[in-house]
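The data block below is model-v3.json; it holds JSON, N, CA and C atoms.
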[["chain", "number", "residue", "atom", "x", "y", "z"],
["A", 7, "MET", "N", 78.95, 54.93, 48.24],
["A", 7, "MET", "CA", 78.13, 55.26, 49.41],
["A", 7, "MET", "C", 77.27, 56.47, 49.07],
["A", 8, "SER", "N", 76.08, 56.51, 49.61],
["A", 8, "SER", "CA", 75.14, 57.58, 49.30],
["A", 8, "SER", "C", 75.05, 58.60, 50.44],
["A", 9, "TRP", "N", 74.27, 59.61, 50.20],
["A", 9, "TRP", "CA", 73.99, 60.62, 51.21],
["A", 9, "TRP", "C", 73.06, 60.04, 52.27],
["A", 10, "ARG", "N", 73.09, 60.61, 53.47],
["A", 10, "ARG", "CA", 72.18, 60.25, 54.56],
["A", 10, "ARG", "C", 71.59, 61.53, 55.12],
["A", 11, "LYS", "N", 70.38, 61.40, 55.70],
["A", 11, "LYS", "CA", 69.67, 62.57, 56.22],
["A", 11, "LYS", "C", 69.10, 62.26, 57.60],
["A", 12, "VAL", "N", 69.33, 63.19, 58.53],
["A", 12, "VAL", "CA", 68.70, 63.16, 59.85],
["A", 12, "VAL", "C", 67.63, 64.24, 59.84],
["A", 13, "THR", "N", 66.44, 63.90, 60.33],
["A", 13, "THR", "CA", 65.34, 64.86, 60.39],
["A", 13, "THR", "C", 64.98, 65.12, 61.85],
["A", 14, "LEU", "N", 64.91, 66.38, 62.21],
["A", 14, "LEU", "CA", 64.46, 66.78, 63.55],
["A", 14, "LEU", "C", 63.24, 67.68, 63.41],
["A", 15, "THR", "N", 62.22, 67.40, 64.18],
["A", 15, "THR", "CA", 61.04, 68.26, 64.19],
["A", 15, "THR", "C", 61.37, 69.55, 64.93],
["A", 16, "PHE", "N", 60.56, 70.57, 64.69],
["A", 16, "PHE", "CA", 60.76, 71.83, 65.42],
["A", 16, "PHE", "C", 60.64, 71.61, 66.93],
["A", 17, "ARG", "N", 59.76, 70.70, 67.34],
["A", 17, "ARG", "CA", 59.62, 70.40, 68.77],
["A", 17, "ARG", "C", 60.93, 69.83, 69.33],
["A", 18, "GLN", "N", 61.58, 68.93, 68.58],
["A", 18, "GLN", "CA", 62.87, 68.39, 69.00],
["A", 18, "GLN", "C", 63.92, 69.49, 69.08],
["A", 19, "VAL", "N", 63.90, 70.39, 68.11],
["A", 19, "VAL", "CA", 64.84, 71.52, 68.09],
["A", 19, "VAL", "C", 64.61, 72.41, 69.30],
["A", 20, "GLU", "N", 63.37, 72.68, 69.62],
["A", 20, "GLU", "CA", 63.05, 73.50, 70.81],
["A", 20, "GLU", "C", 63.62, 72.90, 72.08],
["A", 21, "LYS", "N", 63.71, 71.57, 72.11],
["A", 21, "LYS", "CA", 64.23, 70.87, 73.30],
["A", 21, "LYS", "C", 65.74, 70.69, 73.27],
["A", 22, "GLY", "N", 66.40, 71.23, 72.23],
["A", 22, "GLY", "CA", 67.86, 71.21, 72.18],
["A", 22, "GLY", "C", 68.48, 70.06, 71.41],
["A", 23, "ALA", "N", 67.66, 69.27, 70.70],
["A", 23, "ALA", "CA", 68.21, 68.13, 69.97],
["A", 23, "ALA", "C", 69.19, 68.56, 68.88],
["A", 24, "ASP", "N", 68.95, 69.72, 68.27],
["A", 24, "ASP", "CA", 69.86, 70.20, 67.23],
["A", 24, "ASP", "C", 71.25, 70.49, 67.79],
["A", 25, "ASP", "N", 71.30, 71.12, 68.96],
["A", 25, "ASP", "CA", 72.60, 71.40, 69.59],
["A", 25, "ASP", "C", 73.32, 70.11, 69.94],
["A", 26, "GLN", "N", 72.57, 69.14, 70.44],
["A", 26, "GLN", "CA", 73.16, 67.85, 70.80],
["A", 26, "GLN", "C", 73.70, 67.15, 69.55],
["A", 27, "LEU", "N", 72.91, 67.15, 68.48],
["A", 27, "LEU", "CA", 73.35, 66.52, 67.23],
["A", 27, "LEU", "C", 74.61, 67.19, 66.70],
["A", 28, "LEU", "N", 74.61, 68.52, 66.62],
["A", 28, "LEU", "CA", 75.77, 69.24, 66.08],
["A", 28, "LEU", "C", 77.00, 69.04, 66.96],
["A", 29, "ASP", "N", 76.84, 68.98, 68.27],
["A", 29, "ASP", "CA", 77.97, 68.69, 69.16],
["A", 29, "ASP", "C", 78.54, 67.31, 68.87],
["A", 30, "GLU", "N", 77.66, 66.33, 68.70],
["A", 30, "GLU", "CA", 78.12, 64.97, 68.39],
["A", 30, "GLU", "C", 78.83, 64.91, 67.05],
["A", 31, "ILE", "N", 78.27, 65.60, 66.06],
["A", 31, "ILE", "CA", 78.90, 65.61, 64.73],
["A", 31, "ILE", "C", 80.29, 66.23, 64.83],
["A", 32, "ASP", "N", 80.40, 67.34, 65.53],
["A", 32, "ASP", "CA", 81.69, 68.01, 65.66],
["A", 32, "ASP", "C", 82.72, 67.10, 66.32],
["A", 33, "LYS", "N", 82.32, 66.37, 67.35],
["A", 33, "LYS", "CA", 83.25, 65.45, 68.03],
["A", 33, "LYS", "C", 83.70, 64.34, 67.10],
["A", 34, "VAL", "N", 82.78, 63.78, 66.32],
["A", 34, "VAL", "CA", 83.13, 62.72, 65.39],
["A", 34, "VAL", "C", 84.08, 63.25, 64.31],
["A", 35, "PHE", "N", 83.79, 64.43, 63.77],
["A", 35, "PHE", "CA", 84.68, 65.04, 62.78],
["A", 35, "PHE", "C", 86.06, 65.30, 63.39],
["A", 36, "MET", "N", 86.10, 65.82, 64.61],
["A", 36, "MET", "CA", 87.37, 66.10, 65.25],
["A", 36, "MET", "C", 88.18, 64.81, 65.44],
["A", 37, "ASN", "N", 87.52, 63.76, 65.91],
["A", 37, "ASN", "CA", 88.22, 62.48, 66.10],
["A", 37, "ASN", "C", 88.73, 61.90, 64.80],
["A", 38, "ALA", "N", 88.05, 62.23, 63.70],
["A", 38, "ALA", "CA", 88.47, 61.74, 62.39],
["A", 38, "ALA", "C", 89.49, 62.66, 61.72],
["A", 39, "GLY", "N", 89.84, 63.77, 62.38],
["A", 39, "GLY", "CA", 90.81, 64.70, 61.83],
["A", 39, "GLY", "C", 90.23, 65.64, 60.79],
["A", 40, "TYR", "N", 88.93, 65.89, 60.84],
["A", 40, "TYR", "CA", 88.24, 66.76, 59.88],
["A", 40, "TYR", "C", 88.63, 66.43, 58.43],
["A", 41, "PRO", "N", 88.25, 65.24, 57.98],
["A", 41, "PRO", "CA", 88.60, 64.86, 56.60],
["A", 41, "PRO", "C", 88.16, 65.93, 55.61],
["A", 42, "LYS", "N", 89.03, 66.20, 54.64],
["A", 42, "LYS", "CA", 88.84, 67.39, 53.81],
["A", 42, "LYS", "C", 87.60, 67.35, 52.92],
["A", 43, "GLU", "N", 87.13, 66.20, 52.52],
["A", 43, "GLU", "CA", 85.96, 66.16, 51.63],
["A", 43, "GLU", "C", 84.66, 65.92, 52.38],
["A", 44, "ALA", "N", 84.71, 65.68, 53.67],
["A", 44, "ALA", "CA", 83.51, 65.38, 54.45],
["A", 44, "ALA", "C", 82.80, 66.67, 54.88],
["A", 45, "ALA", "N", 81.47, 66.64, 54.82],
["A", 45, "ALA", "CA", 80.70, 67.81, 55.23],
["A", 45, "ALA", "C", 79.28, 67.41, 55.61],
["A", 46, "VAL", "N", 78.68, 68.25, 56.45],
["A", 46, "VAL", "CA", 77.28, 68.11, 56.83],
["A", 46, "VAL", "C", 76.59, 69.43, 56.48],
["A", 47, "PHE", "N", 75.43, 69.33, 55.86],
["A", 47, "PHE", "CA", 74.67, 70.49, 55.42],
["A", 47, "PHE", "C", 73.31, 70.49, 56.10],
["A", 48, "GLY", "N", 72.67, 71.65, 56.13],
["A", 48, "GLY", "CA", 71.36, 71.74, 56.75],
["A", 48, "GLY", "C", 70.36, 72.50, 55.91],
["A", 49, "ARG", "N", 69.10, 72.24, 56.19],
["A", 49, "ARG", "CA", 68.00, 72.94, 55.53],
["A", 49, "ARG", "C", 66.81, 72.97, 56.49],
["A", 50, "ILE", "N", 66.13, 74.09, 56.55],
["A", 50, "ILE", "CA", 64.91, 74.21, 57.35],
["A", 50, "ILE", "C", 63.72, 74.07, 56.42],
["A", 51, "ASP", "N", 62.77, 73.22, 56.81],
["A", 51, "ASP", "CA", 61.56, 72.99, 56.02],
["A", 51, "ASP", "C", 60.37, 73.56, 56.77],
["A", 52, "LEU", "N", 59.96, 74.77, 56.41],
["A", 52, "LEU", "CA", 58.86, 75.44, 57.09],
["A", 52, "LEU", "C", 57.51, 74.79, 56.79],
["A", 53, "THR", "N", 57.40, 74.13, 55.66],
["A", 53, "THR", "CA", 56.16, 73.46, 55.30],
["A", 53, "THR", "C", 55.87, 72.28, 56.22],
["A", 54, "ASN", "N", 56.91, 71.51, 56.53],
["A", 54, "ASN", "CA", 56.75, 70.31, 57.36],
["A", 54, "ASN", "C", 57.24, 70.50, 58.79],
["A", 55, "ASN", "N", 57.61, 71.73, 59.14],
["A", 55, "ASN", "CA", 58.07, 72.06, 60.50],
["A", 55, "ASN", "C", 59.19, 71.15, 60.99],
["A", 56, "CYS", "N", 60.25, 71.09, 60.18],
["A", 56, "CYS", "CA", 61.39, 70.26, 60.58],
["A", 56, "CYS", "C", 62.69, 70.81, 60.00],
["A", 57, "CYS", "N", 63.78, 70.27, 60.49],
["A", 57, "CYS", "CA", 65.12, 70.61, 60.02],
["A", 57, "CYS", "C", 65.77, 69.34, 59.50],
["A", 58, "PHE", "N", 66.44, 69.45, 58.37],
["A", 58, "PHE", "CA", 67.15, 68.32, 57.78],
["A", 58, "PHE", "C", 68.65, 68.54, 57.92],
["A", 59, "TYR", "N", 69.37, 67.48, 58.23],
["A", 59, "TYR", "CA", 70.82, 67.49, 58.33],
["A", 59, "TYR", "C", 71.34, 66.44, 57.36],
["A", 60, "TYR", "N", 72.05, 66.89, 56.32],
["A", 60, "TYR", "CA", 72.51, 66.03, 55.25],
["A", 60, "TYR", "C", 74.00, 65.72, 55.41],
["A", 61, "PHE", "N", 74.33, 64.44, 55.37],
["A", 61, "PHE", "CA", 75.71, 63.97, 55.48],
["A", 61, "PHE", "C", 76.13, 63.50, 54.10],
["A", 62, "ASN", "N", 77.20, 64.11, 53.56],
["A", 62, "ASN", "CA", 77.65, 63.67, 52.26],
["A", 62, "ASN", "C", 78.31, 62.29, 52.40],
["A", 63, "PRO", "N", 78.54, 61.59, 51.28],
["A", 63, "PRO", "CA", 79.10, 60.24, 51.37],
["A", 63, "PRO", "C", 80.42, 60.16, 52.14],
["A", 64, "GLU", "N", 81.26, 61.18, 52.01],
["A", 64, "GLU", "CA", 82.54, 61.17, 52.74],
["A", 64, "GLU", "C", 82.32, 61.25, 54.25],
["A", 65, "ALA", "N", 81.33, 61.99, 54.69],
["A", 65, "ALA", "CA", 81.01, 62.08, 56.12],
["A", 65, "ALA", "C", 80.36, 60.78, 56.60],
["A", 66, "CYS", "N", 79.53, 60.19, 55.77],
["A", 66, "CYS", "CA", 78.87, 58.93, 56.14],
["A", 66, "CYS", "C", 79.89, 57.84, 56.44],
["A", 67, "ALA", "N", 81.02, 57.90, 55.76],
["A", 67, "ALA", "CA", 82.04, 56.86, 55.91],
["A", 67, "ALA", "C", 82.55, 56.72, 57.34],
["A", 68, "PHE", "N", 82.56, 57.80, 58.11],
["A", 68, "PHE", "CA", 83.06, 57.72, 59.49],
["A", 68, "PHE", "C", 82.03, 58.14, 60.54],
["A", 69, "CYS", "N", 80.83, 58.44, 60.12],
["A", 69, "CYS", "CA", 79.76, 58.83, 61.05],
["A", 69, "CYS", "C", 78.72, 57.74, 61.23],
["A", 70, "SER", "N", 79.03, 56.51, 60.89],
["A", 70, "SER", "CA", 78.02, 55.46, 60.86],
["A", 70, "SER", "C", 77.30, 55.26, 62.19],
["A", 71, "ASN", "N", 78.03, 55.23, 63.31],
["A", 71, "ASN", "CA", 77.38, 55.05, 64.62],
["A", 71, "ASN", "C", 76.44, 56.20, 64.94],
["A", 72, "LEU", "N", 76.87, 57.40, 64.67],
["A", 72, "LEU", "CA", 76.04, 58.58, 64.90],
["A", 72, "LEU", "C", 74.78, 58.52, 64.03],
["A", 73, "LEU", "N", 74.93, 58.13, 62.79],
["A", 73, "LEU", "CA", 73.80, 58.06, 61.87],
["A", 73, "LEU", "C", 72.77, 57.03, 62.32],
["A", 74, "VAL", "N", 73.22, 55.94, 62.88],
["A", 74, "VAL", "CA", 72.30, 54.93, 63.42],
["A", 74, "VAL", "C", 71.57, 55.49, 64.63],
["A", 75, "ARG", "N", 72.31, 56.11, 65.56],
["A", 75, "ARG", "CA", 71.69, 56.67, 66.77],
["A", 75, "ARG", "C", 70.63, 57.71, 66.46],
["A", 76, "TRP", "N", 70.84, 58.50, 65.39],
["A", 76, "TRP", "CA", 69.93, 59.58, 65.05],
["A", 76, "TRP", "C", 68.94, 59.18, 63.95],
["A", 77, "ASP", "N", 68.81, 57.88, 63.69],
["A", 77, "ASP", "CA", 67.83, 57.36, 62.73],
["A", 77, "ASP", "C", 67.94, 57.99, 61.35],
["A", 78, "ALA", "N", 69.16, 58.15, 60.87],
["A", 78, "ALA", "CA", 69.37, 58.71, 59.54],
["A", 78, "ALA", "C", 68.84, 57.75, 58.48],
["A", 79, "ILE", "N", 68.35, 58.34, 57.40],
["A", 79, "ILE", "CA", 67.89, 57.54, 56.27],
["A", 79, "ILE", "C", 68.71, 57.91, 55.04],
["A", 80, "GLU", "N", 68.78, 56.98, 54.11],
["A", 80, "GLU", "CA", 69.46, 57.23, 52.85],
["A", 80, "GLU", "C", 68.64, 58.24, 52.05],
["A", 81, "CYS", "N", 69.35, 59.12, 51.34],
["A", 81, "CYS", "CA", 68.65, 60.12, 50.53],
["A", 81, "CYS", "C", 69.50, 60.48, 49.31],
["A", 82, "MET", "N", 68.89, 61.20, 48.41],
["A", 82, "MET", "CA", 69.60, 61.71, 47.24],
["A", 82, "MET", "C", 70.42, 62.93, 47.65],
["A", 83, "ASP", "N", 71.38, 63.30, 46.82],
["A", 83, "ASP", "CA", 72.10, 64.56, 47.01],
["A", 83, "ASP", "C", 71.04, 65.66, 47.11],
["A", 84, "PRO", "N", 71.06, 66.47, 48.18],
["A", 84, "PRO", "CA", 70.00, 67.46, 48.37],
["A", 84, "PRO", "C", 70.02, 68.62, 47.38],
["A", 85, "GLY", "N", 71.07, 68.77, 46.62],
["A", 85, "GLY", "CA", 71.13, 69.84, 45.63],
["A", 85, "GLY", "C", 71.27, 71.21, 46.25],
["A", 86, "SER", "N", 70.56, 72.18, 45.72],
["A", 86, "SER", "CA", 70.69, 73.56, 46.19],
["A", 86, "SER", "C", 69.79, 73.82, 47.39],
["A", 87, "GLY", "N", 69.94, 75.01, 47.96],
["A", 87, "GLY", "CA", 69.09, 75.42, 49.08],
["A", 87, "GLY", "C", 69.52, 74.88, 50.42],
["A", 88, "ILE", "N", 70.78, 74.46, 50.51],
["A", 88, "ILE", "CA", 71.31, 73.95, 51.78],
["A", 88, "ILE", "C", 72.47, 74.82, 52.23],
["A", 89, "VAL", "N", 72.81, 74.71, 53.50],
["A", 89, "VAL", "CA", 73.91, 75.48, 54.09],
["A", 89, "VAL", "C", 74.89, 74.52, 54.74],
["A", 90, "ARG", "N", 76.18, 74.75, 54.50],
["A", 90, "ARG", "CA", 77.21, 73.93, 55.14],
["A", 90, "ARG", "C", 77.21, 74.22, 56.64],
["A", 91, "LEU", "N", 77.10, 73.18, 57.45],
["A", 91, "LEU", "CA", 77.12, 73.32, 58.89],
["A", 91, "LEU", "C", 78.46, 72.91, 59.49],
["A", 92, "ILE", "N", 79.02, 71.83, 58.96],
["A", 92, "ILE", "CA", 80.31, 71.32, 59.45],
["A", 92, "ILE", "C", 81.08, 70.79, 58.26],
["A", 93, "GLY", "N", 82.36, 71.13, 58.20],
["A", 93, "GLY", "CA", 83.21, 70.67, 57.12],
["A", 93, "GLY", "C", 84.06, 71.81, 56.62],
["A", 94, "ARG", "N", 85.12, 71.46, 55.93],
["A", 94, "ARG", "CA", 86.02, 72.49, 55.40],
["A", 94, "ARG", "C", 85.33, 73.30, 54.33],
["A", 95, "ARG", "N", 85.76, 74.52, 54.15],
["A", 95, "ARG", "CA", 85.11, 75.44, 53.23],
["A", 95, "ARG", "C", 85.17, 75.02, 51.77],
["A", 96, "ASP", "N", 86.25, 74.43, 51.31],
["A", 96, "ASP", "CA", 86.40, 74.10, 49.90],
["A", 96, "ASP", "C", 86.70, 72.63, 49.67],
["A", 97, "PRO", "N", 85.85, 71.74, 50.19],
["A", 97, "PRO", "CA", 86.12, 70.33, 49.92],
["A", 97, "PRO", "C", 85.91, 70.02, 48.45],
["A", 98, "ALA", "N", 86.60, 69.03, 47.96],
["A", 98, "ALA", "CA", 86.47, 68.65, 46.56],
["A", 98, "ALA", "C", 85.30, 67.69, 46.37],
["A", 99, "GLY", "N", 84.91, 67.51, 45.16],
["A", 99, "GLY", "CA", 83.91, 66.51, 44.83],
["A", 99, "GLY", "C", 82.49, 66.95, 45.13],
["A", 100, "SER", "N", 81.63, 65.97, 45.39],
["A", 100, "SER", "CA", 80.20, 66.21, 45.52],
["A", 100, "SER", "C", 79.84, 67.03, 46.75],
["A", 101, "SER", "N", 80.76, 67.14, 47.69],
["A", 101, "SER", "CA", 80.45, 67.90, 48.90],
["A", 101, "SER", "C", 80.66, 69.40, 48.72],
["A", 102, "LYS", "N", 81.15, 69.82, 47.55],
["A", 102, "LYS", "CA", 81.45, 71.23, 47.34],
["A", 102, "LYS", "C", 80.16, 72.01, 47.08],
["A", 103, "LYS", "N", 79.66, 72.66, 48.09],
["A", 103, "LYS", "CA", 78.45, 73.46, 47.99],
["A", 103, "LYS", "C", 78.63, 74.69, 48.86],
["A", 104, "SER", "N", 78.16, 75.80, 48.40],
["A", 104, "SER", "CA", 78.21, 77.03, 49.19],
["A", 104, "SER", "C", 76.83, 77.28, 49.78],
["A", 105, "ALA", "N", 76.68, 78.36, 50.48],
["A", 105, "ALA", "CA", 75.40, 78.69, 51.11],
["A", 105, "ALA", "C", 74.28, 78.78, 50.09],
["A", 106, "ASP", "N", 74.61, 79.12, 48.84],
["A", 106, "ASP", "CA", 73.56, 79.20, 47.84],
["A", 106, "ASP", "C", 73.42, 77.91, 47.05],
["A", 107, "GLY", "N", 74.16, 76.86, 47.49],
["A", 107, "GLY", "CA", 74.02, 75.55, 46.89],
["A", 107, "GLY", "C", 74.87, 75.32, 45.66],
["A", 108, "LYS", "N", 75.76, 76.26, 45.34],
["A", 108, "LYS", "CA", 76.59, 76.11, 44.14],
["A", 108, "LYS", "C", 77.98, 75.65, 44.51]]
I'd like the structure from this file rewritten - as C-alpha coordinates, please.
Amino acid sequence: MSWRKVTLTFRQVEKGADDQLLDEIDKVFMNAGYPKEAAVFGRIDLTNNCCFYYFNPEACAFCSNLLVRWDAIECMDPGSGIVRLIGRRDPAGSSKKSADGK
(Lines of atoms letter the chains of each structure in order from A and count residues from 1; the text may use other names and numbers.)
(Lines give C-alpha, C1' and ligand atoms only; values in the text may rest on other atoms or scores of the structure.)
Protein backbone atom coordinates (compact mmCIF):
# COMPACT_ATOMS: atom_id res chain seq x y z
CA MET A 1 0.00 0.00 0.00
CA SER A 2 1.23 3.50 -0.78
CA TRP A 3 1.05 6.88 0.88
CA ARG A 4 -2.04 9.08 0.47
CA LYS A 5 -2.36 12.86 0.62
CA VAL A 6 -5.23 15.19 1.49
CA THR A 7 -4.87 18.78 0.29
CA LEU A 8 -6.68 21.71 1.88
CA THR A 9 -6.51 25.24 0.53
CA PHE A 10 -5.84 28.11 2.90
CA ARG A 11 -9.46 29.19 2.34
CA GLN A 12 -10.66 25.76 3.54
CA VAL A 13 -8.34 26.03 6.55
CA GLU A 14 -9.74 29.48 7.37
CA LYS A 15 -13.20 27.89 7.47
CA GLY A 16 -12.07 25.19 9.92
CA ALA A 17 -11.64 22.23 7.56
CA ASP A 18 -8.24 21.42 9.08
CA ASP A 19 -9.73 21.12 12.58
CA GLN A 20 -12.52 18.92 11.23
CA LEU A 21 -10.05 16.69 9.37
CA LEU A 22 -7.73 16.32 12.37
CA ASP A 23 -10.69 15.53 14.67
CA GLU A 24 -11.84 12.82 12.26
CA ILE A 25 -8.33 11.39 11.98
CA ASP A 26 -7.98 11.30 15.76
CA LYS A 27 -11.31 9.44 16.13
CA VAL A 28 -10.33 6.87 13.50
CA PHE A 29 -6.93 6.34 15.15
CA MET A 30 -8.57 6.01 18.56
CA ASN A 31 -11.08 3.46 17.26
CA ALA A 32 -8.21 1.50 15.74
CA GLY A 33 -6.28 1.54 19.04
CA TYR A 34 -3.57 3.93 17.78
CA PRO A 35 -1.63 1.33 15.78
CA LYS A 36 2.04 1.76 16.55
CA GLU A 37 3.35 2.21 13.00
CA ALA A 38 0.51 4.42 11.71
CA ALA A 39 1.03 8.17 11.42
CA VAL A 40 -0.20 11.29 9.67
CA PHE A 41 2.19 14.09 8.76
CA GLY A 42 1.65 17.65 7.58
CA ARG A 43 3.31 20.30 5.47
CA ILE A 44 2.35 23.88 4.63
CA ASP A 45 2.93 24.96 1.02
CA LEU A 46 3.19 28.76 0.92
CA THR A 47 3.81 28.75 -2.83
CA ASN A 48 0.46 27.09 -3.62
CA ASN A 49 -1.43 28.39 -0.55
CA CYS A 50 -2.39 24.98 0.78
CA CYS A 51 -1.73 22.41 3.49
CA PHE A 52 -0.91 18.78 2.82
CA TYR A 53 -1.81 15.90 5.15
CA TYR A 54 0.17 12.73 4.44
CA PHE A 55 -1.04 9.30 5.58
CA ASN A 56 1.62 6.62 5.71
CA PRO A 57 0.71 3.15 4.38
CA GLU A 58 -0.04 1.84 7.88
CA ALA A 59 -2.55 4.66 8.47
CA CYS A 60 -4.09 4.18 5.02
CA ALA A 61 -4.90 0.60 5.98
CA PHE A 62 -7.62 1.69 8.43
CA CYS A 63 -8.43 5.23 7.26
CA SER A 64 -9.90 4.25 3.89
CA ASN A 65 -13.38 5.76 4.44
CA LEU A 66 -11.90 9.02 5.71
CA LEU A 67 -9.50 9.17 2.77
CA VAL A 68 -12.37 8.79 0.31
CA ARG A 69 -14.45 11.49 2.05
CA TRP A 70 -11.52 13.93 1.96
CA ASP A 71 -10.57 13.17 -1.68
CA ALA A 72 -7.14 11.82 -0.82
CA ILE A 73 -4.85 10.96 -3.69
CA GLU A 74 -2.02 8.47 -3.89
CA CYS A 75 1.42 10.02 -3.51
CA MET A 76 5.06 9.20 -2.97
CA ASP A 77 6.65 9.17 0.49
CA PRO A 78 6.88 12.93 1.19
CA GLY A 79 10.43 12.68 2.52
CA SER A 80 11.76 15.52 4.65
CA GLY A 81 10.15 18.82 5.59
CA ILE A 82 7.07 17.31 7.21
CA VAL A 83 5.79 17.29 10.79
CA ARG A 84 4.11 14.40 12.58
CA LEU A 85 0.53 15.40 13.41
CA ILE A 86 -0.94 12.14 14.68
CA GLY A 87 0.77 8.89 15.60
CA ARG A 88 3.15 7.48 18.15
CA ARG A 89 6.49 9.20 18.55
CA ASP A 90 8.73 6.28 17.55
CA PRO A 91 6.88 4.12 15.07
CA ALA A 92 8.99 1.63 13.18
CA GLY A 93 9.46 1.45 9.45
CA SER A 94 8.73 4.08 6.83
CA SER A 95 6.60 6.16 9.17
CA LYS A 96 9.59 7.01 11.38
CA LYS A 97 10.11 10.72 10.79
CA SER A 98 10.80 13.55 13.18
CA ALA A 99 9.95 17.22 12.80
CA ASP A 100 13.06 17.66 10.69
CA GLY A 101 12.11 14.71 8.49
CA LYS A 102 14.77 12.31 9.76
Residue list as a PyMOL selection string for point (75.2, 65.1, 53.4), cut-off 6 Å, all atoms listed in the file: chain A and resi 9-10+45-47+59-63
Exercise: residues within 6 Å of coordinate (78.8, 59.9, 64.0), counting all atoms listed in the file, as a PyMOL selection string: chain A and resi 30-31+34+68-73
Give me, please, the distance in Å between atom C of Pro84 in chain A and atom C of Asn54 in chain A, quoted to one decimal.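 Result for atom C of Pro84 in chain A versus atom C of Asn54 in chain A: 17.2 Å, one decimal.
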Considering all atoms listed in the file, state which residue in the set A:Arg95, A:Phe35, A:Phe58, A:Ser8 is at the smallest distance from Cys81 in chain A.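 Closest to Cys81 in chain A of all the choices is A:Ser8.
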Based on the backbone DSSP call, show me all residues of chain A assigned alpha helix (DSSP H), as a PyMOL selection string. chain A and resi 16-20+23-37+63-66+70-75
In Å, how far is it from CA of Cys66 in chain A to CA of Lys21 in chain A?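 The value is 25.5 Å.
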Please compute the atom N of Glu43 in chain A-atom N of Gly85 in chain A distance, one decimal, in Å.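 Distance reported for this atom pair: 17.3 Å.
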Using the file's own x, y and z axes, so that the box edges lie along x, y and z, what centre and edge lengths in Å (one decimal) does a box around every listed atom of range 37-46 of chain A get when 5 Å is added on each side? Give it as JSON.
{"center_x": 83.7, "center_y": 65.6, "center_z": 58.9, "size_x": 24.2, "size_y": 17.7, "size_z": 24.5}
I need the strand (DSSP E) residues of chain A per DSSP on the backbone, written as a JSON list (two decimals) with N, CA and C atoms, in the coordinates of the input.
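Output file result17.json is given in full below:
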[["chain", "number", "residue", "atom", "x", "y", "z"],
["A", 9, "TRP", "N", 74.27, 59.61, 50.20],
["A", 9, "TRP", "CA", 73.99, 60.62, 51.21],
["A", 9, "TRP", "C", 73.06, 60.04, 52.27],
["A", 10, "ARG", "N", 73.09, 60.61, 53.47],
["A", 10, "ARG", "CA", 72.18, 60.25, 54.56],
["A", 10, "ARG", "C", 71.59, 61.53, 55.12],
["A", 11, "LYS", "N", 70.38, 61.40, 55.70],
["A", 11, "LYS", "CA", 69.67, 62.57, 56.22],
["A", 11, "LYS", "C", 69.10, 62.26, 57.60],
["A", 12, "VAL", "N", 69.33, 63.19, 58.53],
["A", 12, "VAL", "CA", 68.70, 63.16, 59.85],
["A", 12, "VAL", "C", 67.63, 64.24, 59.84],
["A", 13, "THR", "N", 66.44, 63.90, 60.33],
["A", 13, "THR", "CA", 65.34, 64.86, 60.39],
["A", 13, "THR", "C", 64.98, 65.12, 61.85],
["A", 14, "LEU", "N", 64.91, 66.38, 62.21],
["A", 14, "LEU", "CA", 64.46, 66.78, 63.55],
["A", 14, "LEU", "C", 63.24, 67.68, 63.41],
["A", 15, "THR", "N", 62.22, 67.40, 64.18],
["A", 15, "THR", "CA", 61.04, 68.26, 64.19],
["A", 15, "THR", "C", 61.37, 69.55, 64.93],
["A", 45, "ALA", "N", 81.47, 66.64, 54.82],
["A", 45, "ALA", "CA", 80.70, 67.81, 55.23],
["A", 45, "ALA", "C", 79.28, 67.41, 55.61],
["A", 46, "VAL", "N", 78.68, 68.25, 56.45],
["A", 46, "VAL", "CA", 77.28, 68.11, 56.83],
["A", 46, "VAL", "C", 76.59, 69.43, 56.48],
["A", 47, "PHE", "N", 75.43, 69.33, 55.86],
["A", 47, "PHE", "CA", 74.67, 70.49, 55.42],
["A", 47, "PHE", "C", 73.31, 70.49, 56.10],
["A", 48, "GLY", "N", 72.67, 71.65, 56.13],
["A", 48, "GLY", "CA", 71.36, 71.74, 56.75],
["A", 48, "GLY", "C", 70.36, 72.50, 55.91],
["A", 49, "ARG", "N", 69.10, 72.24, 56.19],
["A", 49, "ARG", "CA", 68.00, 72.94, 55.53],
["A", 49, "ARG", "C", 66.81, 72.97, 56.49],
["A", 50, "ILE", "N", 66.13, 74.09, 56.55],
["A", 50, "ILE", "CA", 64.91, 74.21, 57.35],
["A", 50, "ILE", "C", 63.72, 74.07, 56.42],
["A", 51, "ASP", "N", 62.77, 73.22, 56.81],
["A", 51, "ASP", "CA", 61.56, 72.99, 56.02],
["A", 51, "ASP", "C", 60.37, 73.56, 56.77],
["A", 56, "CYS", "N", 60.25, 71.09, 60.18],
["A", 56, "CYS", "CA", 61.39, 70.26, 60.58],
["A", 56, "CYS", "C", 62.69, 70.81, 60.00],
["A", 57, "CYS", "N", 63.78, 70.27, 60.49],
["A", 57, "CYS", "CA", 65.12, 70.61, 60.02],
["A", 57, "CYS", "C", 65.77, 69.34, 59.50],
["A", 58, "PHE", "N", 66.44, 69.45, 58.37],
["A", 58, "PHE", "CA", 67.15, 68.32, 57.78],
["A", 58, "PHE", "C", 68.65, 68.54, 57.92],
["A", 59, "TYR", "N", 69.37, 67.48, 58.23],
["A", 59, "TYR", "CA", 70.82, 67.49, 58.33],
["A", 59, "TYR", "C", 71.34, 66.44, 57.36],
["A", 60, "TYR", "N", 72.05, 66.89, 56.32],
["A", 60, "TYR", "CA", 72.51, 66.03, 55.25],
["A", 60, "TYR", "C", 74.00, 65.72, 55.41],
["A", 61, "PHE", "N", 74.33, 64.44, 55.37],
["A", 61, "PHE", "CA", 75.71, 63.97, 55.48],
["A", 61, "PHE", "C", 76.13, 63.50, 54.10],
["A", 79, "ILE", "N", 68.35, 58.34, 57.40],
["A", 79, "ILE", "CA", 67.89, 57.54, 56.27],
["A", 79, "ILE", "C", 68.71, 57.91, 55.04],
["A", 80, "GLU", "N", 68.78, 56.98, 54.11],
["A", 80, "GLU", "CA", 69.46, 57.23, 52.85],
["A", 80, "GLU", "C", 68.64, 58.24, 52.05],
["A", 81, "CYS", "N", 69.35, 59.12, 51.34],
["A", 81, "CYS", "CA", 68.65, 60.12, 50.53],
["A", 81, "CYS", "C", 69.50, 60.48, 49.31],
["A", 89, "VAL", "N", 72.81, 74.71, 53.50],
["A", 89, "VAL", "CA", 73.91, 75.48, 54.09],
["A", 89, "VAL", "C", 74.89, 74.52, 54.74],
["A", 90, "ARG", "N", 76.18, 74.75, 54.50],
["A", 90, "ARG", "CA", 77.21, 73.93, 55.14],
["A", 90, "ARG", "C", 77.21, 74.22, 56.64],
["A", 91, "LEU", "N", 77.10, 73.18, 57.45],
["A", 91, "LEU", "CA", 77.12, 73.32, 58.89],
["A", 91, "LEU", "C", 78.46, 72.91, 59.49],
["A", 92, "ILE", "N", 79.02, 71.83, 58.96],
["A", 92, "ILE", "CA", 80.31, 71.32, 59.45],
["A", 92, "ILE", "C", 81.08, 70.79, 58.26],
["A", 93, "GLY", "N", 82.36, 71.13, 58.20],
["A", 93, "GLY", "CA", 83.21, 70.67, 57.12],
["A", 93, "GLY", "C", 84.06, 71.81, 56.62]]
